[in-house]
Amino acid sequence: MSDSVATNTSTALGAAPTFDQFGLAADILKAVRESGYTTPTPIQAQAIPVVLAGRDVMGAAQTGTGKTASFSLPIIQRLLPSANTSASPARHPVRALMLTPTRELADQVAANVQTYSKHTPLRSTVVFGGVDMNPQSDALRRGVEILIATPGRLLDHVQQKTVNLGQVQMLVLDEADRMLDMGFLPDLQRILNLLPKERQTLLFSATFSPEIKKLASTYLRNPQTIEVARSNSTATNVRQIVFEVHESDKSGAVAQLIRERELKQVIVFCNSKIGASRLARVLEKDGIVATAIHGDRSQSERMQALDAFKRGEIEALVATDVAARGLDIAELPAVINFDLPFNAEDYVHRIGRTGRAGASGDALSLCSANERKQLADIEKLIKRPLEVEPLEVTMRARRDGATSAPRRDERFGRSERTEHRHGSRDEAGSRRRTAGTHDRPRGRQQPIDEFFLKPYEPSPSAMKRQEETVEPERKSAPKQPLAALLGGLGMPRKSS
DNA sequence: AAAAAAC
C-alpha cells in the first residue's frame, strides 16, 4: 500500500487512481484515453512511478495485468524531453530496447508502443525472425528511439551493422523466464555486453527462479521488486475444470465442449506441433472453423492465423505453447487444454489467456489416464486441487488421430461407450450439429474414475500393438550447434 | 517428453 498520492481522491473503497496522477505528458495521456483506459491496473500503479524515477525494476506480473503499458508509458515519458523532430536518422538513436521471447509477443508489444507514442515525435519499430530483413533494416536506418526485438534477429542486425545499441538508456526484458527456458541466455549476454553500463533495466518474469535471480543480480542495479499477483497463482476469475477423458476421445471432447458451452472463440493448447495441426483438421471436419498456430508454420501463416482469430473469423485457434504467454486477445471466454502441459508453469500461462482484465473465463482441461502426473504437478504449483469431473464424449470425433500418445489407453473399459463410435461416417456427420447438446451425461457415473486411481501401466497387448504400429522415430539432424549453445549457459561472462 | 528462436 504505497498511496502517498491519492489521499484526497480516496473513496470508501480506497484510492481510485487515475493515469493523471503520474505526471505523464498530455500527448501520452491522450493516447491512453483514446485506447479507452481510465484506471491504471495494480502493476501500472506500482511500476509507473518507479520507472519514471529511473530505478531498475524486477517485476512479477501475470500477462493480462497491463504489464506492457506499465513499462511502455513511463519509458515513452522518459524519452520525450529529448525527442527529436528532425528527419535525420542520427537524431533518432535507439534509446530503449525491449526484448521478448516470441515473435508474436514482440509484434504485440510494438503495437502497444506505437499506440501510446502516436502523438509524440518518438519513433519505434520491431524486428524478429522469419520475415524479410530488408524492411526492418530500412526502418532501423531511418532511425528509431524505441526498438522491440526477439534476440536472434536483433543480433543478426547487429552483425549487419544495421543497428547500433551503444546509446540504449533503457532495456526491458519481457518474459525473462521464458527467454531463459528457450535458451536465450547466450544471446542475452551478447546483447547486454553491447549496451552502455549506465542504463535502466526492467526485468519482467512470471517467476523468480534462481536462474532469474542470478540474471537480475548480474545485470540489474539495486532493483525495486514489484509483484502484483503472487506468481504461480491463478486468477480467481478463471473457473478451472478438468475433464477425465480417454486419450482417443480428446478431439471429440474438444468439439463437444465448444458446442455444448457455445464457445464463440477459444484457444486450444496442444503439447505438440503435429497434434495441433491434426486437431485443427479434425475440428474443421466437424464444422468448427479452426486454424493451427505453431513454430513449424511460416511466420506469415502464424500472423494470419492470429489476425483472423482476433478479427473473430476463427472459432478455435489450436496452438502450441508459442501462444501460451503474452498474447492479448480481448475477452477470450475460454481456453481448452487438449493436453496438460509437461511443465506446470505453462498451465498458468495458458489459462492466463482467459479471464483477462477482470472478465471471467473458463479454463477447461482434458486429462487422460497417462497425464495424472502433470495434473498433480499443476495442483502442487497452484497450491489447490482442481475440480475434476468425468466427461462422456458423445460426439464421434472422426478417425481421431489427434493425439501425441496414440492409443495408450485402449485397455480402459469403454465397452459401453463404443456404440458412439461405430456409426457410419455419414450418420455421424449428419448428427454432429446436435450430438452432445441435449443428452447431459453429467450425472451418470462412469467407470472412468477407476483409471485415475490406478497407476498407469500399459497392458501387454497394448504394448505389443504399439510396437507394431508405431513407426520407429526418425531422428532428424540437430538444428543448432549444441556445443556452441552450451558454451554460454550458466556462466555469465564477466564483462567489467 | 515438447516448444520456441537467426540465417
# chains A, B, ... in the order shown; residues from 1 in each chain; ligands from 1
$ residues_around --residues "B:DC7" --least-positions-apart "3" --cutoff "12 Å" --atoms "only C-alpha atoms (C1' of nucleotides)" --output "count of residues only"
13
$ closest_atom_pairs --of "chain B" --to "stretch 343-357 of chain A" --cutoff "12 Å" --atoms "only C-alpha atoms (C1' of nucleotides)" --output "tab-separated table"
residue	atom	partner	partner_atom	distance
B:DA1	C1'	A:Asn343	CA	10.3
B:DA2	C1'	A:Asn343	CA	9.4
B:DA3	C1'	A:Asn343	CA	10.7
$ write_last_selection --atoms "N, CA, C and O atoms (P, O5', C5', C4', C3', O3' and C1' of nucleotides)" --output "short mmCIF file (atom, residue, chain, number, x, y, z; two decimals), in the first residue's frame"
data_model
loop_
_atom_site.label_atom_id
_atom_site.label_comp_id
_atom_site.auth_asym_id
_atom_site.auth_seq_id
_atom_site.Cartn_x
_atom_site.Cartn_y
_atom_site.Cartn_z
P DA B 1 11.87 -38.37 -21.88
"O5'" DA B 1 11.61 -38.03 -23.37
"C5'" DA B 1 10.94 -38.25 -24.50
"C4'" DA B 1 9.61 -37.56 -24.63
"C3'" DA B 1 9.67 -36.36 -25.59
"O3'" DA B 1 8.50 -36.38 -26.41
"C1'" DA B 1 8.87 -35.65 -23.48
P DA B 2 8.65 -35.54 -27.72
"O5'" DA B 2 8.20 -34.08 -27.26
"C5'" DA B 2 6.89 -33.85 -26.79
"C4'" DA B 2 6.57 -32.39 -26.97
"C3'" DA B 2 7.27 -31.77 -28.17
"O3'" DA B 2 6.35 -30.90 -28.78
"C1'" DA B 2 7.87 -30.60 -26.21
P DA B 3 6.70 -30.33 -30.16
"O5'" DA B 3 6.71 -28.76 -29.92
"C5'" DA B 3 5.74 -28.17 -29.07
"C4'" DA B 3 6.22 -26.80 -28.67
"C3'" DA B 3 6.95 -26.05 -29.76
"O3'" DA B 3 6.17 -24.93 -30.14
"C1'" DA B 3 8.16 -26.00 -27.68
#
$ interface_residues --of "chain A" --to "chain B" --cutoff "10 Å" --atoms "only C-alpha atoms (C1' of nucleotides)" --output "number ranges by chain"
A: 101-103, 128-130, 150-157, 178-179, 181-184, 270-273, 294-295, 320-322, 341-343
$ write_last_selection --atoms "N, CA, C and O atoms" --output "short mmCIF file (atom, residue, chain, number, x, y, z; two decimals), in the first residue's frame"
data_model
loop_
_atom_site.label_atom_id
_atom_site.label_comp_id
_atom_site.auth_asym_id
_atom_site.auth_seq_id
_atom_site.Cartn_x
_atom_site.Cartn_y
_atom_site.Cartn_z
N PRO A 101 10.50 -13.09 -25.88
CA PRO A 101 10.89 -14.43 -26.34
C PRO A 101 10.27 -14.85 -27.66
O PRO A 101 10.88 -15.61 -28.39
N THR A 102 9.07 -14.42 -27.95
CA THR A 102 8.46 -14.89 -29.20
C THR A 102 8.17 -13.73 -30.14
O THR A 102 8.05 -12.58 -29.73
N ARG A 103 8.07 -14.09 -31.39
CA ARG A 103 7.84 -13.07 -32.43
C ARG A 103 6.49 -12.38 -32.25
O ARG A 103 6.38 -11.17 -32.38
N PHE A 128 12.03 -9.13 -35.84
CA PHE A 128 12.05 -10.53 -35.42
C PHE A 128 12.27 -11.41 -36.63
O PHE A 128 12.14 -10.97 -37.77
N GLY A 129 12.60 -12.66 -36.38
CA GLY A 129 12.95 -13.57 -37.45
C GLY A 129 11.76 -14.08 -38.24
O GLY A 129 10.62 -13.76 -37.94
N GLY A 130 12.06 -14.85 -39.27
CA GLY A 130 11.00 -15.47 -40.04
C GLY A 130 10.44 -14.58 -41.13
O GLY A 130 9.57 -15.01 -41.88
N THR A 150 13.11 -9.72 -30.97
CA THR A 150 13.49 -11.02 -30.43
C THR A 150 15.01 -11.11 -30.53
O THR A 150 15.60 -10.51 -31.44
N PRO A 151 15.66 -11.83 -29.63
CA PRO A 151 17.11 -11.74 -29.52
C PRO A 151 17.88 -12.16 -30.79
O PRO A 151 18.83 -11.47 -31.18
N GLY A 152 17.49 -13.25 -31.41
CA GLY A 152 18.26 -13.75 -32.54
C GLY A 152 18.33 -12.77 -33.69
O GLY A 152 19.40 -12.47 -34.22
N ARG A 153 17.20 -12.26 -34.09
CA ARG A 153 17.18 -11.34 -35.21
C ARG A 153 17.88 -10.03 -34.86
O ARG A 153 18.53 -9.42 -35.71
N LEU A 154 17.76 -9.62 -33.62
CA LEU A 154 18.46 -8.40 -33.20
C LEU A 154 19.96 -8.56 -33.39
O LEU A 154 20.63 -7.67 -33.95
N LEU A 155 20.49 -9.70 -32.97
CA LEU A 155 21.93 -9.94 -33.14
C LEU A 155 22.30 -9.99 -34.62
O LEU A 155 23.39 -9.56 -35.01
N ASP A 156 21.39 -10.52 -35.41
CA ASP A 156 21.60 -10.53 -36.85
C ASP A 156 21.79 -9.10 -37.36
O ASP A 156 22.70 -8.80 -38.13
N HIS A 157 20.92 -8.21 -36.91
CA HIS A 157 21.02 -6.82 -37.32
C HIS A 157 22.29 -6.17 -36.79
O HIS A 157 22.90 -5.34 -37.47
N ARG A 178 10.88 -17.05 -19.61
CA ARG A 178 10.65 -17.77 -20.85
C ARG A 178 11.89 -17.71 -21.75
O ARG A 178 12.28 -18.67 -22.38
N MET A 179 12.52 -16.55 -21.77
CA MET A 179 13.71 -16.42 -22.61
C MET A 179 14.82 -17.36 -22.13
O MET A 179 15.52 -17.96 -22.94
N ASP A 181 14.28 -20.20 -20.46
CA ASP A 181 13.80 -21.54 -20.82
C ASP A 181 14.15 -21.88 -22.25
O ASP A 181 14.42 -23.02 -22.59
N MET A 182 14.07 -20.88 -23.10
CA MET A 182 14.25 -21.13 -24.52
C MET A 182 15.72 -21.09 -24.92
O MET A 182 16.04 -21.13 -26.10
N GLY A 183 16.57 -20.97 -23.95
CA GLY A 183 18.00 -21.00 -24.26
C GLY A 183 18.54 -19.69 -24.81
O GLY A 183 19.53 -19.69 -25.53
N PHE A 184 17.91 -18.59 -24.46
CA PHE A 184 18.36 -17.30 -24.97
C PHE A 184 19.47 -16.67 -24.15
O PHE A 184 19.92 -15.58 -24.47
N CYS A 270 -2.17 -27.58 -27.38
CA CYS A 270 -1.66 -28.93 -27.55
C CYS A 270 -0.18 -28.95 -27.18
O CYS A 270 0.49 -27.93 -27.25
N ASN A 271 0.30 -30.12 -26.84
CA ASN A 271 1.72 -30.22 -26.48
C ASN A 271 2.65 -30.37 -27.67
O ASN A 271 3.85 -30.19 -27.54
N SER A 272 2.09 -30.75 -28.79
CA SER A 272 2.98 -30.94 -29.94
C SER A 272 2.46 -30.21 -31.17
O SER A 272 1.26 -29.96 -31.31
N LYS A 273 3.38 -29.88 -32.04
CA LYS A 273 3.03 -29.18 -33.26
C LYS A 273 2.15 -30.05 -34.15
O LYS A 273 1.16 -29.60 -34.72
N HIS A 294 1.73 -22.73 -34.73
CA HIS A 294 2.88 -23.32 -34.04
C HIS A 294 4.15 -23.01 -34.83
O HIS A 294 4.12 -22.46 -35.92
N GLY A 295 5.27 -23.40 -34.24
CA GLY A 295 6.56 -23.00 -34.77
C GLY A 295 6.95 -23.59 -36.12
O GLY A 295 7.90 -23.11 -36.74
N THR A 320 0.31 -24.45 -30.00
CA THR A 320 1.32 -24.96 -29.08
C THR A 320 1.62 -23.84 -28.09
O THR A 320 0.99 -22.78 -28.12
N ASP A 321 2.63 -24.03 -27.29
CA ASP A 321 2.93 -23.02 -26.29
C ASP A 321 3.54 -21.75 -26.89
O ASP A 321 3.88 -20.84 -26.15
N VAL A 322 3.67 -21.71 -28.20
CA VAL A 322 4.09 -20.45 -28.82
C VAL A 322 3.10 -19.36 -28.44
O VAL A 322 3.45 -18.19 -28.33
N PRO A 341 0.01 -29.53 -20.01
CA PRO A 341 1.41 -29.23 -20.33
C PRO A 341 2.38 -30.03 -19.46
O PRO A 341 2.08 -30.34 -18.31
N PHE A 342 3.53 -30.35 -20.01
CA PHE A 342 4.54 -31.09 -19.26
C PHE A 342 5.09 -30.23 -18.13
O PHE A 342 5.48 -30.72 -17.09
N ASN A 343 5.12 -28.94 -18.41
CA ASN A 343 5.65 -28.00 -17.46
C ASN A 343 4.47 -27.29 -16.78
O ASN A 343 3.71 -26.58 -17.43
#
$ select_by_dssp --residues "stretch 50-122 of chain A" --states "strand (DSSP E)" --output "NGL selection string"
:A and (57-60 or 96-99)
$ residues_around --residues "A:Ala308" --least-positions-apart "3" --cutoff "12 Å" --atoms "only C-alpha atoms (C1' of nucleotides)" --output "ChimeraX atom specification"
/A:265,289-293,300-305,311-317,329
$ residues_around --residues "A:Gln167" --least-positions-apart "6" --cutoff "9 Å" --atoms "only C-alpha atoms (C1' of nucleotides)" --output "CSV table (one decimal) with all heavy atoms, in the first residue's frame"
chain,number,residue,atom,x,y,z
A,93,PRO,N,18.7,7.8,-32.4
A,93,PRO,CA,19.4,6.6,-32.0
A,93,PRO,C,18.5,5.7,-31.1
A,93,PRO,O,17.6,6.2,-30.5
A,93,PRO,CB,20.6,7.1,-31.2
A,93,PRO,CG,20.1,8.4,-30.6
A,93,PRO,CD,19.1,9.0,-31.5
A,94,VAL,N,18.7,4.4,-31.1
A,94,VAL,CA,17.9,3.5,-30.3
A,94,VAL,C,18.2,3.9,-28.8
A,94,VAL,O,19.4,3.8,-28.4
A,94,VAL,CB,18.2,2.0,-30.5
A,94,VAL,CG1,17.5,1.2,-29.6
A,94,VAL,CG2,17.9,1.7,-32.0
A,95,ARG,N,17.2,4.3,-28.1
A,95,ARG,CA,17.5,4.6,-26.7
A,95,ARG,C,16.7,3.7,-25.7
A,95,ARG,O,17.0,3.6,-24.5
A,95,ARG,CB,17.1,6.1,-26.4
A,95,ARG,CG,18.1,7.0,-27.2
A,95,ARG,CD,18.0,8.4,-26.6
A,95,ARG,NE,16.8,9.1,-27.1
A,95,ARG,CZ,16.1,9.9,-26.4
A,95,ARG,NH1,16.5,10.2,-25.1
A,95,ARG,NH2,15.1,10.5,-26.9
A,96,ALA,N,15.7,3.0,-26.3
A,96,ALA,CA,15.0,2.0,-25.4
A,96,ALA,C,14.9,0.7,-26.2
A,96,ALA,O,14.5,0.7,-27.4
A,96,ALA,CB,13.6,2.5,-25.0
A,195,LEU,N,25.5,-3.0,-24.6
A,195,LEU,CA,24.7,-1.9,-24.1
A,195,LEU,C,25.6,-1.1,-23.1
A,195,LEU,O,26.5,-1.6,-22.5
A,195,LEU,CB,23.5,-2.3,-23.4
A,195,LEU,CG,22.5,-3.2,-24.1
A,195,LEU,CD1,21.3,-3.6,-23.3
A,195,LEU,CD2,22.1,-2.6,-25.4
A,196,PRO,N,25.4,0.2,-23.0
A,196,PRO,CA,26.1,1.0,-22.0
A,196,PRO,C,25.8,0.5,-20.6
A,196,PRO,O,24.7,0.0,-20.4
A,196,PRO,CB,25.5,2.4,-22.2
A,196,PRO,CG,24.8,2.4,-23.5
A,196,PRO,CD,24.4,1.0,-23.8
$ decode --residues "stretch 332-348 of chain A" --atoms "all heavy atoms" --output "short mmCIF file (atom, residue, chain, number, x, y, z; two decimals), in the first residue's frame"
data_model
loop_
_atom_site.label_atom_id
_atom_site.label_comp_id
_atom_site.auth_asym_id
_atom_site.auth_seq_id
_atom_site.Cartn_x
_atom_site.Cartn_y
_atom_site.Cartn_z
N LEU A 332 -11.38 -13.25 -24.26
CA LEU A 332 -11.45 -14.66 -24.62
C LEU A 332 -12.24 -15.38 -23.53
O LEU A 332 -11.87 -15.33 -22.37
CB LEU A 332 -10.02 -15.22 -24.72
CG LEU A 332 -9.86 -16.51 -25.47
CD1 LEU A 332 -10.39 -16.39 -26.88
CD2 LEU A 332 -8.40 -16.91 -25.49
N PRO A 333 -13.36 -16.01 -23.92
CA PRO A 333 -14.22 -16.59 -22.88
C PRO A 333 -13.66 -17.90 -22.30
O PRO A 333 -14.03 -18.29 -21.21
CB PRO A 333 -15.54 -16.85 -23.61
CG PRO A 333 -15.16 -16.97 -25.04
CD PRO A 333 -13.94 -16.12 -25.25
N ALA A 334 -12.80 -18.55 -23.05
CA ALA A 334 -12.34 -19.85 -22.57
C ALA A 334 -11.06 -20.29 -23.26
O ALA A 334 -10.77 -19.88 -24.37
CB ALA A 334 -13.43 -20.91 -22.81
N VAL A 335 -10.31 -21.08 -22.56
CA VAL A 335 -9.23 -21.84 -23.20
C VAL A 335 -9.45 -23.31 -22.88
O VAL A 335 -10.05 -23.66 -21.86
CB VAL A 335 -7.82 -21.43 -22.72
CG1 VAL A 335 -7.52 -19.98 -23.04
CG2 VAL A 335 -7.64 -21.69 -21.24
N ILE A 336 -8.98 -24.15 -23.79
CA ILE A 336 -9.08 -25.59 -23.57
C ILE A 336 -7.67 -26.16 -23.63
O ILE A 336 -6.91 -25.84 -24.55
CB ILE A 336 -9.97 -26.27 -24.64
CG1 ILE A 336 -11.41 -25.75 -24.53
CG2 ILE A 336 -9.93 -27.78 -24.49
CD1 ILE A 336 -12.35 -26.30 -25.61
N ASN A 337 -7.32 -26.97 -22.66
CA ASN A 337 -6.07 -27.72 -22.76
C ASN A 337 -6.38 -29.09 -23.32
O ASN A 337 -6.96 -29.94 -22.65
CB ASN A 337 -5.41 -27.86 -21.39
CG ASN A 337 -4.79 -26.57 -20.92
OD1 ASN A 337 -3.99 -25.97 -21.65
ND2 ASN A 337 -5.13 -26.14 -19.73
N PHE A 338 -6.00 -29.29 -24.57
CA PHE A 338 -6.16 -30.60 -25.20
C PHE A 338 -5.23 -31.59 -24.51
O PHE A 338 -5.59 -32.73 -24.22
CB PHE A 338 -5.80 -30.47 -26.68
CG PHE A 338 -5.89 -31.76 -27.45
CD1 PHE A 338 -7.09 -32.16 -28.01
CD2 PHE A 338 -4.76 -32.54 -27.64
CE1 PHE A 338 -7.17 -33.34 -28.73
CE2 PHE A 338 -4.84 -33.72 -28.35
CZ PHE A 338 -6.04 -34.13 -28.90
N ASP A 339 -4.02 -31.15 -24.26
CA ASP A 339 -3.07 -31.90 -23.44
C ASP A 339 -2.76 -31.07 -22.22
O ASP A 339 -2.75 -29.84 -22.29
CB ASP A 339 -1.73 -32.09 -24.19
CG ASP A 339 -1.88 -32.88 -25.47
OD1 ASP A 339 -2.42 -33.99 -25.42
OD2 ASP A 339 -1.43 -32.39 -26.53
N LEU A 340 -2.47 -31.72 -21.11
CA LEU A 340 -1.93 -30.97 -19.98
C LEU A 340 -0.46 -30.73 -20.26
O LEU A 340 0.24 -31.63 -20.71
CB LEU A 340 -2.11 -31.77 -18.68
CG LEU A 340 -3.54 -31.83 -18.16
CD1 LEU A 340 -3.59 -32.64 -16.87
CD2 LEU A 340 -4.11 -30.45 -17.93
N PRO A 341 0.01 -29.53 -20.01
CA PRO A 341 1.41 -29.23 -20.33
C PRO A 341 2.38 -30.03 -19.46
O PRO A 341 2.08 -30.34 -18.31
CB PRO A 341 1.53 -27.74 -20.04
CG PRO A 341 0.44 -27.45 -19.07
CD PRO A 341 -0.68 -28.39 -19.40
N PHE A 342 3.53 -30.35 -20.01
CA PHE A 342 4.54 -31.09 -19.26
C PHE A 342 5.09 -30.23 -18.13
O PHE A 342 5.48 -30.72 -17.09
CB PHE A 342 5.69 -31.51 -20.18
CG PHE A 342 5.27 -32.53 -21.18
CD1 PHE A 342 5.30 -32.25 -22.53
CD2 PHE A 342 4.85 -33.78 -20.77
CE1 PHE A 342 4.91 -33.20 -23.45
CE2 PHE A 342 4.46 -34.73 -21.69
CZ PHE A 342 4.48 -34.44 -23.04
N ASN A 343 5.12 -28.94 -18.41
CA ASN A 343 5.65 -28.00 -17.46
C ASN A 343 4.47 -27.29 -16.78
O ASN A 343 3.71 -26.58 -17.43
CB ASN A 343 6.52 -27.00 -18.23
CG ASN A 343 7.29 -26.12 -17.30
OD1 ASN A 343 6.93 -25.95 -16.14
ND2 ASN A 343 8.37 -25.56 -17.81
N ALA A 344 4.34 -27.49 -15.48
CA ALA A 344 3.17 -26.97 -14.78
C ALA A 344 3.04 -25.45 -14.92
O ALA A 344 1.93 -24.91 -14.98
CB ALA A 344 3.23 -27.35 -13.30
N GLU A 345 4.15 -24.77 -15.00
CA GLU A 345 4.11 -23.33 -15.14
C GLU A 345 3.39 -22.90 -16.42
O GLU A 345 2.72 -21.87 -16.47
CB GLU A 345 5.52 -22.77 -15.18
CG GLU A 345 5.84 -21.92 -13.97
CD GLU A 345 7.32 -21.70 -13.87
OE1 GLU A 345 7.93 -21.36 -14.90
OE2 GLU A 345 7.87 -21.89 -12.77
N ASP A 346 3.57 -23.71 -17.45
CA ASP A 346 2.91 -23.39 -18.71
C ASP A 346 1.39 -23.43 -18.57
O ASP A 346 0.68 -22.75 -19.30
CB ASP A 346 3.37 -24.34 -19.82
CG ASP A 346 4.77 -24.01 -20.30
OD1 ASP A 346 5.17 -22.84 -20.19
OD2 ASP A 346 5.47 -24.92 -20.78
N TYR A 347 0.92 -24.25 -17.64
CA TYR A 347 -0.53 -24.28 -17.40
C TYR A 347 -1.01 -22.90 -16.97
O TYR A 347 -2.01 -22.40 -17.47
CB TYR A 347 -0.85 -25.33 -16.32
CG TYR A 347 -2.30 -25.34 -15.91
CD1 TYR A 347 -3.26 -26.03 -16.64
CD2 TYR A 347 -2.73 -24.65 -14.77
CE1 TYR A 347 -4.59 -26.04 -16.26
CE2 TYR A 347 -4.05 -24.65 -14.38
CZ TYR A 347 -4.98 -25.35 -15.13
OH TYR A 347 -6.30 -25.34 -14.75
N VAL A 348 -0.28 -22.32 -16.04
CA VAL A 348 -0.66 -21.00 -15.54
C VAL A 348 -0.68 -19.99 -16.69
O VAL A 348 -1.57 -19.16 -16.79
CB VAL A 348 0.31 -20.55 -14.43
CG1 VAL A 348 -0.05 -19.16 -13.94
CG2 VAL A 348 0.30 -21.55 -13.28
#
